[in-house]
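Working notes, beginning with the structure itself.
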Amino acid sequence: MAFVNRSFYIEKPTPAFLFLMRQLGVRQGEAQKIVATGRLFVNGRVWTHSGREISGDIQVKQFVPESRGVEPIFVAKDFALFDKPSGVLVHPTTHRTPYSMLDDIRHIFGNGANAIHRIDMETSGLLLISRNKDAERKLKMLFEARGVKKSYLAWVRGKITEPFEVNVPLKRNDDFSTIKLKVLVHPEGKPSLTHFVPIEYDEEHDATLVEAFPHTGRQHQIRVHLFHVKHPIIGDPIYGVPNDVAIEYLDKKLSREKRLYYMGAERMLLHAQSLEFDYEGTLYRLVSKFDFESLKGLIVKPDNRFNPGSPE
C-alpha cells in the first residue's frame, strides 16, 4: 500500500505545517501539500489550514514507497531514467493506488525524487526523474520550454509507406455525453504537430511500426493524431473503438475477449523510445532498452479483430 496512516497526539497547540515538518522530516512545501490534499486529520476531521494550530488526536496519510524491483536504466548526479512498464501509473491517483512508479523512484532515491513528466498508464518507455528539488525545477523548465526532444514507437493499424506530418489543433473534450474521447481535433484547440516515419510493415498483422516525433506536448497528442489519419494505435482503448466499448473499459468492466477483439491487443502498443536534452552543458541522448518491435506478437490477426473504419 503506497499510503499508510500514522497516528500522533499533541498536547501543546502547534501550527499544522510545523508539526508535519518536525514529525515527518519534510519541507514546508510538502507539509502544505499534505494539508491541501486532505491527508491531515485532527480529532477525526480533515484539517484544511496549514498555518493554524492543531492539538489532540492527529492522523496523517503518508506516502511510504514499496518497491517492486523496477531499476533505473541510467543514473546521473541529478536525475535518472526508468523504462516504465505498460499498465503502471507514474503517480498514485488516489490514496488506494496499490503501486505506481513513484514507489520505486522514492524507494531508490528518497523522498526528494520525483517524476518530471507523465506517461499514460498503458504506454511503456522512458520516464525521466529528478533526484532532488533543484533538479526537478530545472528539468521541468526544460520540458516547458520544449528543450527536450522525444520520440515514440507505435504499432498502428494498416499500411503506411511514407513519412507524414499531422498538424491540427487539439482541444480537451468538455462534453462526454455523446463521446468519451478525452481530446478532440477542434478548430478552437491548441496547435499540435507530430512527424511520423514508418519503420516496418507486417502484412500478417496488417500493422505498421512507426516512429513519432512530437514537436508539441499536448495530452494524448500521438494517439489522437494517429486516430485522426485513420491509423489508430493497436490496443488503444479509447481512440478507434466504439463509444460503448470505451465506456466499458473506463468503467473497468471490459472482458479480455472484448478487449482483444475491439482493440487488437491486451495493451496499448505505444512506447516512449528516446529523450534528448542539454543539462548544464552536457547533451544527453537516452534510448530505451526495451525491444518494443517484438510486441507485434501480441497483435490479433486482422480477421479476428474489429475494423474501426473511419474515425470521423
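Following the order of the C-alpha cells, chains are lettered A, B, ..., residues in each are numbered from 1, and ligands are numbered from 1.
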_Can you tell me which residues surround Gly25 (chain A) at a distance of at most 12 Å, considering only C-alpha atoms, apart from same-chain residues fewer than 6 positions away, and format the answer as a ChimeraX atom specification?_
/A:17-19,31,62,111-112
*May I have all residues of region 90-236 of chain A that DSSP, computed from the backbone, assigns to strand (DSSP E or B), given as a ChimeraX atom specification?*
/A:114-115,124-130,149-157,164-167,170-172,183-185,190,193-202,207-214,233
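Checking A:Val224, A:Val64, A:Ala145, A:Leu275 one by one against Asp103 (chain A), counting only C-alpha atoms, you find the shortest gap at A:Val64.
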_Nearest to Arg146 (chain A) by atom-to-atom distance, counting only C-alpha atoms, from A:Glu11, A:Glu266, A:Asp278, A:Asp303_ = A:Asp278
_List the spatial neighbours of region 66-77 of chain A as an MDAnalysis selection string - criterion: any atom at most 9 Å away, only C-alpha atoms, same-chain residues fewer than 2 positions off excluded._
chainID A and resid 1:2 64 79:85 99 101 103:108 131 286 288:289
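When only C-alpha atoms are used to compute distances to Glu165 (chain A), the closest of the residues A:Tyr9, A:Phe3, A:Tyr239, A:Phe213 turns out to be A:Phe213.
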Identify, on the basis of only C-alpha atoms, every residue whose closest approach to Leu295 (chain A) does not exceed 12 Å; exclude the query and any residue fewer than 2 positions from it along the same chain; express the result as a compact mmCIF listing (two decimals) with N, CA and C atoms, in the first residue's frame.
```txt
# COMPACT_ATOMS: atom_id res chain seq x y z
N SER A 86 4.30 -1.09 -19.21
CA SER A 86 2.90 -0.80 -19.52
C SER A 86 2.02 -1.26 -18.36
N SER A 124 4.34 2.36 -22.40
CA SER A 124 5.59 1.95 -21.75
C SER A 124 6.70 2.91 -22.18
N LEU A 153 7.61 4.97 -30.29
CA LEU A 153 7.32 3.91 -31.25
C LEU A 153 5.88 3.46 -31.04
N ALA A 154 5.22 3.10 -32.15
CA ALA A 154 3.83 2.63 -32.06
C ALA A 154 3.57 1.61 -33.17
N TRP A 155 2.84 0.57 -32.82
CA TRP A 155 2.26 -0.32 -33.82
C TRP A 155 0.86 0.19 -34.12
N VAL A 156 0.61 0.48 -35.40
CA VAL A 156 -0.68 1.07 -35.78
C VAL A 156 -1.38 0.20 -36.81
N ASP A 202 4.09 -5.09 -41.29
CA ASP A 202 3.92 -6.51 -41.09
C ASP A 202 2.59 -6.93 -41.73
N HIS A 205 -0.09 -9.15 -39.78
CA HIS A 205 -0.91 -8.47 -38.79
C HIS A 205 -1.55 -7.19 -39.33
N ALA A 207 -0.20 -4.33 -39.87
CA ALA A 207 0.20 -3.33 -38.88
C ALA A 207 1.53 -2.72 -39.28
N THR A 208 1.68 -1.43 -39.02
CA THR A 208 2.92 -0.73 -39.32
C THR A 208 3.56 -0.22 -38.04
N LEU A 209 4.86 -0.47 -37.91
CA LEU A 209 5.63 0.12 -36.82
C LEU A 209 6.07 1.51 -37.25
N ILE A 234 -2.75 0.26 -32.24
CA ILE A 234 -3.32 -1.04 -31.86
C ILE A 234 -3.27 -1.16 -30.33
N GLY A 235 -4.41 -1.56 -29.77
CA GLY A 235 -4.52 -1.69 -28.33
C GLY A 235 -5.03 -0.45 -27.64
N ALA A 265 -5.16 -5.80 -29.09
CA ALA A 265 -4.05 -6.22 -28.23
C ALA A 265 -4.45 -5.98 -26.78
N GLU A 266 -3.77 -6.68 -25.87
CA GLU A 266 -4.10 -6.55 -24.45
C GLU A 266 -3.58 -5.26 -23.83
N ARG A 267 -2.68 -4.58 -24.51
CA ARG A 267 -2.15 -3.31 -24.02
C ARG A 267 -2.04 -2.36 -25.21
N MET A 268 -1.94 -1.08 -24.92
CA MET A 268 -1.74 -0.10 -25.98
C MET A 268 -0.29 -0.17 -26.46
N LEU A 269 -0.11 -0.35 -27.75
CA LEU A 269 1.22 -0.56 -28.31
C LEU A 269 1.88 0.77 -28.66
N LEU A 270 2.13 1.55 -27.62
CA LEU A 270 2.82 2.84 -27.72
C LEU A 270 3.95 2.85 -26.70
N HIS A 271 5.13 3.32 -27.13
CA HIS A 271 6.33 3.23 -26.29
C HIS A 271 7.16 4.49 -26.40
N PHE A 290 14.20 -1.46 -24.16
CA PHE A 290 13.13 -2.44 -24.33
C PHE A 290 12.93 -2.76 -25.81
N ASP A 291 12.78 -4.04 -26.14
CA ASP A 291 12.57 -4.48 -27.53
C ASP A 291 11.09 -4.35 -27.89
N PHE A 292 10.68 -3.12 -28.20
CA PHE A 292 9.27 -2.86 -28.48
C PHE A 292 8.82 -3.52 -29.78
N GLU A 293 9.71 -3.61 -30.77
CA GLU A 293 9.34 -4.19 -32.06
C GLU A 293 8.78 -5.60 -31.91
N GLY A 297 3.97 -9.61 -31.78
CA GLY A 297 3.42 -10.92 -31.47
C GLY A 297 2.16 -10.85 -30.62
N LEU A 298 1.90 -9.68 -30.01
CA LEU A 298 0.68 -9.51 -29.20
C LEU A 298 -0.53 -9.11 -30.05
N ILE A 299 -0.29 -8.76 -31.31
CA ILE A 299 -1.36 -8.20 -32.14
C ILE A 299 -2.28 -9.30 -32.66
N VAL A 300 -3.57 -9.08 -32.51
CA VAL A 300 -4.58 -10.02 -33.02
C VAL A 300 -4.62 -9.91 -34.55
```
*Tell me, which residues of region 3-76 of chain A carry DSSP helix (DSSP H, G or I), written as a PyMOL selection string?*
chain A and resi 16-24+28-36
